[in-house]
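Peer 1: So here's model-v8.txt, just compact mmCIF, C-alpha atoms:
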# COMPACT_ATOMS: atom_id res chain seq x y z
CA MET A 1 -41.99 -27.33 91.24
CA ASN A 2 -39.17 -29.31 92.77
CA GLU A 3 -38.10 -28.90 96.33
CA VAL A 4 -35.14 -30.30 98.22
CA SER A 5 -34.54 -30.31 101.96
CA THR A 6 -36.15 -27.72 104.22
CA PRO A 7 -36.24 -23.96 103.82
CA ALA A 8 -33.83 -21.79 105.74
CA ASP A 9 -34.33 -18.30 106.99
CA THR A 10 -34.14 -15.87 104.10
CA PRO A 11 -34.10 -12.08 104.07
CA ALA A 12 -37.19 -10.13 103.25
CA PRO A 13 -37.57 -9.06 99.61
CA SER A 14 -36.53 -5.64 98.49
CA SER A 15 -39.13 -2.91 98.50
CA ARG A 16 -38.28 -2.11 94.88
CA PRO A 17 -39.03 -5.22 92.89
CA GLY A 18 -38.78 -5.89 89.19
CA HIS A 19 -38.53 -2.61 87.37
CA GLY A 20 -37.73 -0.70 90.53
CA SER A 21 -41.25 -0.04 91.61
CA ARG A 22 -42.30 1.51 94.83
CA SER A 23 -43.06 -0.42 97.96
CA GLY A 24 -45.58 -3.17 97.52
CA SER A 25 -47.84 -1.67 100.19
CA ARG A 26 -48.19 1.67 98.43
CA PRO A 27 -49.72 1.68 94.95
CA GLY A 28 -48.34 4.02 92.36
CA LEU A 29 -46.14 4.27 89.29
CA PRO A 30 -42.81 2.42 89.28
CA HIS A 31 -39.88 4.67 90.07
CA SER A 32 -38.38 4.38 86.59
CA TRP A 33 -41.62 4.61 84.60
CA VAL A 34 -42.60 7.59 82.44
CA SER A 35 -46.32 8.23 82.40
CA SER A 36 -48.40 8.54 79.25
CA SER A 37 -48.99 12.24 79.85
CA VAL A 38 -45.25 12.91 79.97
CA ARG A 39 -44.71 10.97 76.76
CA ARG A 40 -47.32 13.10 75.05
CA MET A 41 -45.92 16.27 76.61
CA GLU A 42 -42.29 15.85 75.55
CA PRO A 43 -42.75 16.59 71.80
CA TRP A 44 -44.74 19.72 72.67
CA LEU A 45 -42.01 20.93 75.04
CA LEU A 46 -39.35 20.45 72.37
CA GLY A 47 -41.51 22.23 69.81
CA ALA A 48 -41.98 25.16 72.21
CA MET A 49 -38.23 25.20 72.78
CA GLY A 50 -37.61 25.49 69.03
CA VAL A 51 -40.13 28.32 68.66
CA SER A 52 -38.64 30.24 71.63
CA LEU A 53 -35.08 29.93 70.34
CA THR A 54 -36.11 30.96 66.84
CA ALA A 55 -37.84 34.06 68.18
CA LEU A 56 -34.73 34.88 70.25
CA ALA A 57 -32.50 34.44 67.18
CA VAL A 58 -34.64 36.88 65.23
CA TYR A 59 -34.53 39.37 68.13
CA LEU A 60 -30.74 39.12 68.40
CA GLN A 61 -30.38 39.40 64.61
CA ALA A 62 -28.34 36.22 64.45
CA ASP A 63 -27.08 34.94 61.13
CA LEU A 64 -29.18 32.58 59.06
CA GLN A 65 -27.20 29.45 59.90
CA ALA A 66 -27.51 29.94 63.65
CA ALA A 67 -31.23 30.70 63.35
CA GLY A 68 -31.75 27.59 61.24
CA THR A 69 -29.88 25.47 63.77
CA VAL A 70 -31.96 26.58 66.75
CA ALA A 71 -35.15 26.07 64.72
CA LEU A 72 -34.33 22.72 63.12
CA LEU A 73 -32.61 20.68 65.85
CA PRO A 74 -35.39 20.98 68.49
CA LEU A 75 -37.97 20.07 65.86
CA LEU A 76 -35.94 16.98 64.92
CA ALA A 77 -35.79 16.07 68.61
CA ALA A 78 -39.57 16.52 68.83
CA ALA A 79 -40.04 14.15 65.89
CA TRP A 80 -37.71 11.68 67.61
CA ALA A 81 -39.78 11.87 70.79
CA GLN A 82 -42.96 11.37 68.80
CA ALA A 83 -41.63 8.32 66.95
CA ARG A 84 -39.86 6.76 69.97
CA PRO A 85 -41.70 7.74 73.16
CA ALA A 86 -39.59 7.23 76.27
CA ARG A 87 -41.25 4.82 78.69
CA ARG A 88 -38.47 4.82 81.29
CA GLN A 89 -36.49 7.54 82.98
CA ARG A 90 -33.17 6.50 81.49
CA GLU A 91 -34.58 6.81 77.97
CA LEU A 92 -36.04 10.22 78.75
CA GLY A 93 -32.83 11.33 80.47
CA GLY A 94 -30.72 10.14 77.55
CA ARG A 95 -32.74 12.25 75.14
CA ALA A 96 -32.52 15.22 77.50
CA PHE A 97 -28.71 14.99 77.55
CA ALA A 98 -28.64 14.61 73.76
CA VAL A 99 -30.79 17.71 73.27
CA THR A 100 -28.61 19.68 75.69
CA ALA A 101 -25.40 18.54 73.99
CA ALA A 102 -26.83 19.59 70.60
CA ALA A 103 -26.21 23.22 71.63
CA LEU A 104 -22.55 22.59 70.76
CA PHE A 105 -23.53 22.87 67.08
CA LEU A 106 -24.05 26.60 67.51
CA PRO A 107 -20.35 27.63 67.72
CA LEU A 108 -19.82 25.86 64.40
CA GLN A 109 -22.31 28.13 62.64
CA ALA A 110 -20.54 31.47 63.21
CA ALA A 111 -17.26 32.98 64.30
CA VAL A 112 -16.17 32.22 67.85
CA GLY A 113 -17.03 35.01 70.22
CA ALA A 114 -20.13 36.27 68.43
CA VAL A 115 -22.44 37.69 71.05
CA SER A 116 -25.64 36.47 69.37
CA VAL A 117 -24.37 32.89 69.11
CA ASP A 118 -23.18 32.86 72.72
CA ALA A 119 -26.53 34.22 73.90
CA LEU A 120 -28.42 31.59 71.88
CA TRP A 121 -26.14 28.93 73.34
CA LEU A 122 -26.89 29.95 76.92
CA ALA A 123 -30.60 30.29 76.16
CA TRP A 124 -30.60 26.81 74.64
CA LEU A 125 -29.06 25.33 77.78
CA ALA A 126 -31.41 27.18 80.12
CA ILE A 127 -34.57 26.25 78.20
CA ALA A 128 -33.51 22.60 77.93
CA VAL A 129 -32.88 22.36 81.70
CA VAL A 130 -36.22 24.00 82.53
CA ALA A 131 -38.23 21.97 80.01
CA TYR A 132 -36.83 18.62 81.04
CA GLY A 133 -36.90 19.62 84.70
CA VAL A 134 -40.69 19.34 84.47
CA VAL A 135 -40.72 15.75 83.19
CA LEU A 136 -37.55 14.28 84.73
CA ARG A 137 -37.12 13.12 88.29
CA PRO A 138 -34.96 15.29 90.59
CA ALA A 139 -31.83 13.13 90.30
CA TRP A 140 -31.89 13.27 86.51
CA SER A 141 -32.70 17.00 86.55
CA LEU A 142 -29.73 17.67 88.82
CA GLY A 143 -27.40 15.77 86.53
CA LEU A 144 -28.75 17.61 83.48
CA ALA A 145 -28.23 20.98 85.19
CA ALA A 146 -24.63 20.05 86.06
CA PHE A 147 -24.01 19.03 82.45
CA ALA A 148 -25.43 22.34 81.21
CA LEU A 149 -23.21 24.29 83.61
CA LEU A 150 -20.15 22.53 82.26
CA GLN A 151 -21.07 23.80 78.81
CA ALA A 152 -22.01 27.29 79.95
CA ALA A 153 -18.83 27.92 81.97
CA PRO A 154 -16.45 28.22 78.94
CA VAL A 155 -18.92 30.50 77.16
CA VAL A 156 -19.09 32.92 80.07
CA MET A 157 -15.37 32.80 80.88
CA LEU A 158 -14.06 33.18 77.31
CA ALA A 159 -16.50 35.87 76.19
CA GLU A 160 -14.90 39.27 75.69
CA ALA A 161 -18.04 41.15 76.69
CA ALA A 162 -21.18 40.33 78.63
CA VAL A 163 -23.06 37.69 76.76
CA VAL A 164 -26.41 38.58 78.33
CA PRO A 165 -27.05 42.12 79.56
CA GLY A 166 -27.26 42.09 83.34
CA GLY A 167 -25.94 38.54 83.62
CA PRO A 168 -26.07 38.17 87.45
CA MET A 169 -29.55 39.66 87.61
CA THR A 170 -30.74 37.39 84.83
CA ALA A 171 -29.34 34.38 86.67
CA LEU A 172 -31.21 35.38 89.83
CA LEU A 173 -34.42 35.72 87.87
CA ALA A 174 -33.90 32.26 86.37
CA LEU A 175 -33.83 30.57 89.79
CA PRO A 176 -37.58 31.02 90.46
CA LEU A 177 -38.26 29.63 87.00
CA VAL A 178 -36.22 26.50 87.73
CA ALA A 179 -37.94 26.11 91.11
CA ALA A 180 -41.33 26.43 89.44
CA ALA A 181 -40.37 23.76 86.91
CA VAL A 182 -39.34 21.37 89.69
CA ALA A 183 -42.56 22.04 91.61
CA ALA A 184 -44.64 21.52 88.47
CA GLY A 185 -42.86 18.24 87.80
CA ARG A 186 -43.57 17.01 91.32
CA TRP A 187 -47.23 17.91 91.01
CA LEU A 188 -47.47 16.17 87.63
CA ARG A 189 -45.90 12.98 88.98
CA ARG A 190 -48.42 12.84 91.82
CA LEU A 191 -51.29 13.46 89.42
CA HIS A 192 -50.10 10.80 86.98
CA ALA A 193 -49.56 8.33 89.83
CA ARG A 194 -53.21 8.67 90.81
CA ARG A 195 -54.39 8.33 87.23
CA GLU A 196 -52.26 5.38 86.17
CA ALA A 197 -51.76 3.47 89.42
CA HIS A 198 -54.31 0.86 88.31
CA CYS A 199 -52.07 0.02 85.35
CA PHE A 200 -49.38 -1.52 87.60
CA ASP A 201 -49.14 -4.34 90.09
CA SER A 202 -47.77 -2.95 93.35
CA ALA A 203 -46.28 -6.29 94.47
CA THR A 204 -44.05 -6.82 91.42
CA GLY A 205 -43.76 -3.48 89.65
CA LEU A 206 -45.02 -5.11 86.44
CA CYS A 207 -47.97 -3.88 84.44
CA SER A 208 -51.41 -5.11 85.33
CA LEU A 209 -53.88 -6.41 82.78
CA ALA A 210 -55.22 -2.87 82.29
CA GLY A 211 -51.67 -1.58 81.80
CA LEU A 212 -50.83 -4.34 79.33
CA LEU A 213 -53.85 -3.50 77.22
CA ALA A 214 -53.42 0.28 77.43
CA TYR A 215 -49.64 0.50 76.94
CA GLY A 216 -49.63 -2.45 74.55
CA GLU A 217 -52.11 -0.80 72.23
CA GLU A 218 -50.01 2.35 72.40
CA LEU A 219 -46.91 0.40 71.40
CA LEU A 220 -48.66 -1.38 68.56
CA ALA A 221 -50.19 1.83 67.24
CA ALA A 222 -46.69 3.23 66.72
CA ARG A 223 -45.82 0.30 64.43
CA SER A 224 -47.11 -0.20 60.92
CA PRO A 225 -47.84 -3.02 60.39
CA ALA A 226 -48.34 -4.12 63.98
CA VAL A 227 -46.22 -7.26 64.40
CA ALA A 228 -46.04 -8.62 67.94
CA THR A 229 -46.02 -11.87 69.92
CA LEU A 230 -47.80 -12.32 73.22
CA VAL A 231 -46.57 -14.97 75.69
CA VAL A 232 -48.89 -15.97 78.54
CA PHE A 233 -47.41 -17.84 81.53
CA ASP A 234 -49.22 -20.00 84.07
CA CYS A 235 -47.21 -20.22 87.32
CA ARG A 236 -49.59 -22.33 89.38
CA ASP A 237 -46.65 -23.69 91.40
CA LEU A 238 -46.40 -20.36 93.23
CA LEU A 239 -49.41 -21.42 95.30
CA GLU A 240 -47.67 -24.65 96.26
CA VAL A 241 -44.52 -22.75 97.21
CA ARG A 242 -46.54 -20.53 99.52
CA GLN A 243 -48.17 -23.53 101.18
CA ILE A 244 -44.90 -25.43 101.70
CA TYR A 245 -42.35 -22.69 102.36
CA GLY A 246 -44.44 -19.75 103.53
CA SER A 247 -45.16 -16.27 102.24
CA ARG A 248 -41.60 -14.94 102.62
CA VAL A 249 -40.03 -17.43 100.23
CA ALA A 250 -43.02 -17.07 97.90
CA ARG A 251 -42.49 -13.31 97.73
CA ILE A 252 -38.79 -13.71 96.95
CA LEU A 253 -39.57 -16.23 94.21
CA LEU A 254 -42.21 -13.86 92.84
CA GLN A 255 -39.62 -11.08 92.60
CA ARG A 256 -37.21 -13.44 90.86
CA LEU A 257 -39.91 -14.38 88.37
CA SER A 258 -40.81 -10.72 87.78
CA GLY A 259 -37.18 -9.85 87.08
CA LYS A 260 -36.87 -12.68 84.55
CA LEU A 261 -40.01 -11.60 82.73
CA ALA A 262 -38.84 -7.98 82.66
CA GLU A 263 -35.55 -9.20 81.19
CA ILE A 264 -37.42 -11.05 78.46
CA ALA A 265 -39.49 -7.96 77.64
CA GLY A 266 -36.41 -5.73 77.38
CA GLU A 267 -36.60 -2.04 76.68
CA ARG A 268 -39.26 -2.22 73.97
CA GLY A 269 -41.52 -4.91 75.37
CA LEU A 270 -43.97 -5.11 78.24
CA ALA A 271 -44.12 -7.56 81.12
CA ALA A 272 -47.37 -7.81 83.06
CA ARG A 273 -48.99 -9.71 85.91
CA THR A 274 -52.46 -10.39 84.59
CA GLY A 275 -53.67 -12.60 87.45
CA PRO A 276 -52.63 -14.03 90.81
CA VAL A 277 -50.48 -16.70 89.11
CA GLU A 278 -50.77 -15.59 85.47
CA PHE A 279 -48.20 -13.41 83.70
CA ALA A 280 -47.77 -12.11 80.17
CA VAL A 281 -44.97 -10.66 78.06
CA LEU A 282 -45.61 -8.59 74.93
CA LEU A 283 -42.77 -8.52 72.39
CA PRO A 284 -43.43 -5.92 69.66
CA GLY A 285 -41.74 -6.57 66.35
CA ALA A 286 -40.92 -10.19 67.23
CA GLY A 287 -42.22 -13.32 65.55
CA ARG A 288 -42.76 -16.73 67.10
CA GLU A 289 -39.19 -17.97 66.57
CA ARG A 290 -37.64 -14.80 67.90
CA ALA A 291 -39.90 -14.90 70.96
CA LEU A 292 -38.89 -18.50 71.66
CA GLN A 293 -35.23 -17.54 71.42
CA ALA A 294 -35.78 -14.73 73.92
CA LEU A 295 -37.49 -17.13 76.31
CA GLN A 296 -34.76 -19.75 76.03
CA GLN A 297 -32.04 -17.17 76.44
CA VAL A 298 -33.45 -16.03 79.82
CA LEU A 299 -35.30 -19.07 81.17
CA GLY A 300 -33.32 -21.84 79.51
CA ALA A 301 -34.62 -24.96 77.82
CA PRO A 302 -36.83 -26.31 79.28
CA SER A 303 -38.05 -23.06 80.78
CA ARG A 304 -37.50 -22.93 84.52
CA ILE A 305 -36.65 -20.56 87.35
CA GLU A 306 -34.29 -21.84 90.02
CA PHE A 307 -34.07 -20.39 93.48
CA GLU A 308 -31.98 -21.38 96.48
CA ALA A 309 -33.31 -20.53 99.92
CA GLY A 310 -30.57 -21.56 102.29
CA ASP A 311 -30.36 -25.38 102.18
CA SER A 312 -33.48 -25.60 100.05
CA GLU A 313 -33.56 -25.60 96.26
CA ILE A 314 -36.76 -24.64 94.47
CA MET A 315 -37.40 -25.01 90.76
CA LEU A 316 -40.41 -23.29 89.21
CA VAL A 317 -41.45 -24.65 85.81
CA PRO A 318 -44.14 -22.39 84.30
CA ASP A 319 -46.51 -23.41 81.51
CA PHE A 320 -46.76 -20.92 78.66
CA LEU A 321 -48.35 -20.37 75.28
CA LEU A 322 -47.33 -18.05 72.46
CA GLY A 323 -49.64 -16.25 70.10
CA ARG A 324 -48.82 -13.88 67.27
CA LEU A 325 -51.01 -10.88 66.81
CA GLY A 326 -52.80 -11.07 63.48
CA GLU A 327 -52.66 -14.85 63.10
CA GLU A 328 -55.01 -16.06 65.85
CA GLU A 329 -56.58 -12.75 66.89
CA ASP A 330 -56.34 -9.19 65.61
CA ASP A 331 -56.94 -7.59 69.01
CA LEU A 332 -54.55 -7.75 71.96
CA ARG A 333 -57.37 -8.27 74.45
CA ALA A 334 -58.87 -11.09 72.40
CA LEU A 335 -55.46 -12.74 71.94
CA HIS A 336 -54.81 -12.67 75.68
CA ARG A 337 -58.25 -14.12 76.38
CA THR A 338 -57.72 -16.89 73.83
CA LEU A 339 -54.34 -17.90 75.21
CA GLY A 340 -55.70 -17.82 78.76
CA ARG A 341 -58.56 -20.16 77.80
CA LYS A 342 -56.16 -22.58 76.15
CA LEU A 343 -53.95 -22.65 79.23
CA ALA A 344 -56.98 -23.24 81.46
CA TRP A 345 -58.15 -26.06 79.19
CA GLY A 346 -54.69 -27.64 79.30
CA ARG A 347 -54.64 -27.47 83.11
CA GLU A 348 -58.08 -29.09 83.27
CA GLN A 349 -57.02 -31.93 80.95
CA GLU A 350 -53.88 -32.57 82.96
CA GLU A 351 -55.85 -32.65 86.19
CA ARG A 352 -58.31 -35.12 84.69
CA ARG A 353 -55.45 -37.33 83.57
CA ARG A 354 -53.96 -37.32 87.08
CA ARG A 355 -57.30 -38.15 88.69
CA TYR A 356 -57.82 -41.01 86.24
CA LEU A 357 -54.39 -42.49 86.93
CA ARG A 358 -54.94 -42.18 90.66
CA ARG A 359 -58.29 -43.98 90.46
CA GLU A 360 -56.77 -46.71 88.31
CA ARG A 361 -54.06 -47.35 90.86
CA GLU A 362 -56.64 -47.52 93.64
CA ARG A 363 -58.91 -49.82 91.62
CA HIS A 364 -56.26 -52.45 90.79
CA SER A 365 -54.68 -52.54 94.23
CA ARG A 366 -56.06 -54.87 96.98
CA PRO A 367 -54.99 -54.61 100.61
CA MET A 368 -53.49 -57.74 102.22
CA PRO A 369 -55.42 -59.30 105.14
CA LEU A 370 -54.18 -58.36 108.57
CA GLN A 371 -52.98 -61.29 110.69
CA ASP A 372 -53.10 -60.96 114.45
CA ASP A 373 -50.65 -63.78 115.18
CA PRO A 374 -47.93 -65.45 113.13
CA PRO A 375 -48.77 -68.89 111.63
CA ALA A 376 -48.32 -71.79 114.06
CA ALA A 377 -45.30 -74.06 113.63
CA PRO A 378 -45.96 -77.78 112.86
CA PRO A 379 -45.60 -80.10 115.91
CA SER A 380 -42.48 -82.23 116.02
CA GLY A 381 -44.12 -85.38 117.50
CA ASN A 382 -46.48 -86.25 114.67
CA PRO A 383 -45.30 -84.87 111.31
CA ARG A 384 -48.14 -86.54 109.34
CA ARG A 385 -50.83 -84.65 111.23
CA PRO A 386 -52.16 -81.83 109.05
CA VAL A 387 -51.69 -78.36 110.33
CA LEU A 388 -54.48 -75.86 109.84
CA GLN A 389 -52.98 -72.55 108.87
CA ASP A 390 -56.25 -70.70 109.19
CA ARG A 391 -57.20 -70.45 112.85
CA SER A 392 -60.63 -69.11 112.05
CA PHE A 393 -61.43 -72.23 110.03
CA ALA A 394 -60.23 -74.53 112.80
CA GLN A 395 -62.44 -72.87 115.37
CA THR A 396 -65.60 -73.08 113.25
CA GLU A 397 -68.36 -75.17 114.99
CA LEU A 398 -70.37 -77.67 112.90
CA PRO A 399 -74.16 -77.88 113.45
CA PRO A 400 -75.27 -80.82 115.70
CA THR A 401 -76.99 -83.96 114.18
CA VAL A 402 -79.78 -86.18 115.56
CA PRO A 403 -79.09 -89.99 115.44
CA MET A 404 -81.88 -92.26 114.23
CA PRO A 405 -82.24 -96.03 113.31
CA LEU A 406 -81.43 -97.10 109.78
CA PRO A 407 -84.87 -98.44 108.86
CA LEU A 408 -86.49 -95.27 109.96
CA ASN A 409 -84.00 -93.36 107.95
CA VAL A 410 -84.82 -95.39 104.84
CA ALA A 411 -88.51 -94.95 105.43
CA ALA A 412 -88.06 -91.29 105.82
CA ARG A 413 -86.58 -91.22 102.39
Have the structure of the file written as structure tokens, please.
Peer 2:
Amino acid sequence: MNEVSTPADTPAPSSRPGHGSRSGSRPGLPHSWVSSSVRRMEPWLLGAMGVSLTALAVYLQADLQAAGTVALLPLLAAAWAQARPARRQRELGGRAFAVTAAALFLPLQAAVGAVSVDALWLAWLAIAVVAYGVVLRPAWSLGLAAFALLQAAPVVMLAEAAVVPGGPMTALLALPLVAAAVAAGRWLRRLHARREAHCFDSATGLCSLAGLLAYGEELLAARSPAVATLVVFDCRDLLEVRQIYGSRVARILLQRLSGKLAEIAGERGLAARTGPVEFAVLLPGAGRERALQALQQVLGAPSRIEFEAGDSEIMLVPDFLLGRLGEEEDDLRALHRTLGRKLAWGREQEERRRRYLRRERERHSRPMPLQDDPPAAPPSGNPRRPVLQDRSFAQTELPPTVPMPLPLNVAAR
């Protein structure tokens, strides 16, 4: 961690960090996240949509091509949802718009103006809006309803006769159904937030260790064989940033770090905060070289995160280790534990090396003696007289002697 100058006043971090999570003080699912229950529910909703439209086609005595279309396309969408579960709202919303737009295949199956085809078309649009209104957030549901109305308007305006008997009354009866779908979706989101809140870190919007293990195993189970690389980061410098610059700058730097890790993970990966200063990124389908390229593309080489807080420049250089699932460990939990132990061992060795170098410097250095007064200048009158530089030596008193006659002295010997 490199710091320059002094920190300036910086604005408080946004309440939607990283992935667009909720406020850090209120735990819950990130705003753009799709819960596991919704991912499991979507194929069933599309399958029920196909069954309902097929039954309606039989009731309306539609031709075989139209009946096959309303039976086959929703089932293909259900298989798509099963193979590629949507983990974010934009993925789920994109599939909802694709399913709604697939109703345009119906006019190609029969002559324009056929009452049965027009009725199936309107039913397709209505069922798609209601089904996805349960799992989508209100903004996405509103956009999907507007898109469906744009398709339904030409059908109603160009039809020679009433497409659905009692059209206005049917529309009024459909409003309570749409309201019930919206209410059910709101209730489901609250329920899922309580169930899966422990899988996310409220301060960053990233997954927690429990979320990494749960969602990671779900991602790997969808791949055969399971090829993935786990990258574990040690950002110990965040503690130093908090001590030097304060909690505000530390929070902003934490959000910057979370955004970089989410960018590395992309749409198919997972970024997680697995400890106070430990982070992890799971990259499914990526080997070691590809994972290194993703890291260098986002963090640079060497890996670093730069942040400017007014007149101050901070550089965070995290330590990281990569491990490929199946080479070192076959289990995601065991691989994360192994990489964490290696990082801890590396930190301990580095700390020992620093302590050793510090002790060596202290051992080979000797302090100079302190002198109270400057050395006396030699007198100008008698240059041959020796000058004692050490005042303490000059002031030393010799022990007194006792004089005695020479013969006595010899006799004493």
Peer 1: Please determine, counting only C-alpha atoms, which residue among A:Ile305, A:Val298, A:Leu73, A:Val277 has the shortest atom-to-atom distance to Asp234 of chain A.
Peer 2: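 Checking each candidate against Asp234 of chain A, we get A:Val277 as the closest.
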Peer 1: I'd like to know which of A:Val134, A:Ile314, A:Cys235, A:Ala119 is closest to Val182 of chain A, using all atoms listed in the file.
Peer 2: A:Val134
Peer 1: List every protein, DNA or RNA residue with an atom no more than 7 Å from (-43.0, -17.6, 71.1) in the file's coordinates, counting all atoms listed in the file, and format the result as a CSV table (one decimal) with C-alpha atoms, keeping the file's coordinate frame.
Peer 2:
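Result file part-v1.csv:
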chain,number,residue,atom,x,y,z
A,229,THR,CA,-46.0,-11.9,69.9
A,231,VAL,CA,-46.6,-15.0,75.7
A,288,ARG,CA,-42.8,-16.7,67.1
A,289,GLU,CA,-39.2,-18.0,66.6
A,290,ARG,CA,-37.6,-14.8,67.9
A,291,ALA,CA,-39.9,-14.9,71.0
A,292,LEU,CA,-38.9,-18.5,71.7
A,322,LEU,CA,-47.3,-18.0,72.5
A,323,GLY,CA,-49.6,-16.2,70.1
Peer 1: Just checking: using all atoms listed in the file, which residue out of A:Ala301, A:Val241, A:Leu76, A:Val70 ends up closest to Val51 of chain A?
Peer 2: A:Val70
Peer 1: What is the atom CA of Phe97 of chain A-atom CA of Trp44 of chain A distance in Å, reported with one decimal?
Peer 2: 17.4 Å
Peer 1: Go through A:Ala250, A:Val38, A:Ala123, A:Leu191 one by one, measure the shortest atom-to-atom distance of each to Ala203 of chain A using only C-alpha atoms, and give the residue with the smallest value.
Peer 2: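 Looking at the shortest contact to Ala203 of chain A, the residue is A:Ala250.
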Peer 1: May I have the protein, DNA and RNA residues with an atom at most 12 Å from (-29.5, 14.9, 73.1), counting only C-alpha atoms in the file's coordinates, returned as a PyMOL selection string?
Peer 2: chain A and resi 46+73-74+76-78+80-81+91-105+125+128-129+132+144+147-148
Peer 1: Write to file, as a PDB file, in the frame of the given file, the residues of the selection just made, with C-alpha atoms.
Peer 2:
ATOM      1  CA  LEU A  46     -39.350  20.450  72.370  1.00  0.00           C
ATOM      2  CA  LEU A  73     -32.610  20.680  65.850  1.00  0.00           C
ATOM      3  CA  PRO A  74     -35.390  20.980  68.490  1.00  0.00           C
ATOM      4  CA  LEU A  76     -35.940  16.980  64.920  1.00  0.00           C
ATOM      5  CA  ALA A  77     -35.790  16.070  68.610  1.00  0.00           C
ATOM      6  CA  ALA A  78     -39.570  16.520  68.830  1.00  0.00           C
ATOM      7  CA  TRP A  80     -37.710  11.680  67.610  1.00  0.00           C
ATOM      8  CA  ALA A  81     -39.780  11.870  70.790  1.00  0.00           C
ATOM      9  CA  GLU A  91     -34.580   6.810  77.970  1.00  0.00           C
ATOM     10  CA  LEU A  92     -36.040  10.220  78.750  1.00  0.00           C
ATOM     11  CA  GLY A  93     -32.830  11.330  80.470  1.00  0.00           C
ATOM     12  CA  GLY A  94     -30.720  10.140  77.550  1.00  0.00           C
ATOM     13  CA  ARG A  95     -32.740  12.250  75.140  1.00  0.00           C
ATOM     14  CA  ALA A  96     -32.520  15.220  77.500  1.00  0.00           C
ATOM     15  CA  PHE A  97     -28.710  14.990  77.550  1.00  0.00           C
ATOM     16  CA  ALA A  98     -28.640  14.610  73.760  1.00  0.00           C
ATOM     17  CA  VAL A  99     -30.790  17.710  73.270  1.00  0.00           C
ATOM     18  CA  THR A 100     -28.610  19.680  75.690  1.00  0.00           C
ATOM     19  CA  ALA A 101     -25.400  18.540  73.990  1.00  0.00           C
ATOM     20  CA  ALA A 102     -26.830  19.590  70.600  1.00  0.00           C
ATOM     21  CA  ALA A 103     -26.210  23.220  71.630  1.00  0.00           C
ATOM     22  CA  LEU A 104     -22.550  22.590  70.760  1.00  0.00           C
ATOM     23  CA  PHE A 105     -23.530  22.870  67.080  1.00  0.00           C
ATOM     24  CA  LEU A 125     -29.060  25.330  77.780  1.00  0.00           C
ATOM     25  CA  ALA A 128     -33.510  22.600  77.930  1.00  0.00           C
ATOM     26  CA  VAL A 129     -32.880  22.360  81.700  1.00  0.00           C
ATOM     27  CA  TYR A 132     -36.830  18.620  81.040  1.00  0.00           C
ATOM     28  CA  LEU A 144     -28.750  17.610  83.480  1.00  0.00           C
ATOM     29  CA  PHE A 147     -24.010  19.030  82.450  1.00  0.00           C
ATOM     30  CA  ALA A 148     -25.430  22.340  81.210  1.00  0.00           C
TER      31      ALA A 148
END
Peer 1: Have a look at A:Ala183, A:Leu239, A:Leu53, A:Leu321 and name the one nearest to Gly68 of chain A; count only C-alpha atoms.
Peer 2: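 Closest residue, counting only C-alpha atoms: A:Leu53.
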Peer 1: For Leu238 of chain A, which residue among A:Pro276, A:Gly285, A:Gly50, A:Gly346 is the nearest when counting all atoms listed in the file?
Peer 2: A:Pro276
Peer 1: Record the distance separating atom CA of Gln293 of chain A and atom CA of Leu343 of chain A, expressed in Å with one decimal.
Peer 2: 20.9 Å
Peer 1: What does the distance from atom CA of Ile252 of chain A to atom CA of Gln296 of chain A come to in Å, to one decimal?
Peer 2: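 These atoms are spaced 22.1 Å apart.
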Peer 1: Arg236 of chain A: which residues within 12 Å, counting all atoms listed in the file, same-chain residues fewer than 6 positions away excluded, as a VMD selection string?
Peer 2: chain A and resid 1 242 to 243 250 254 275 to 279 316 to 320 343 to 344 347
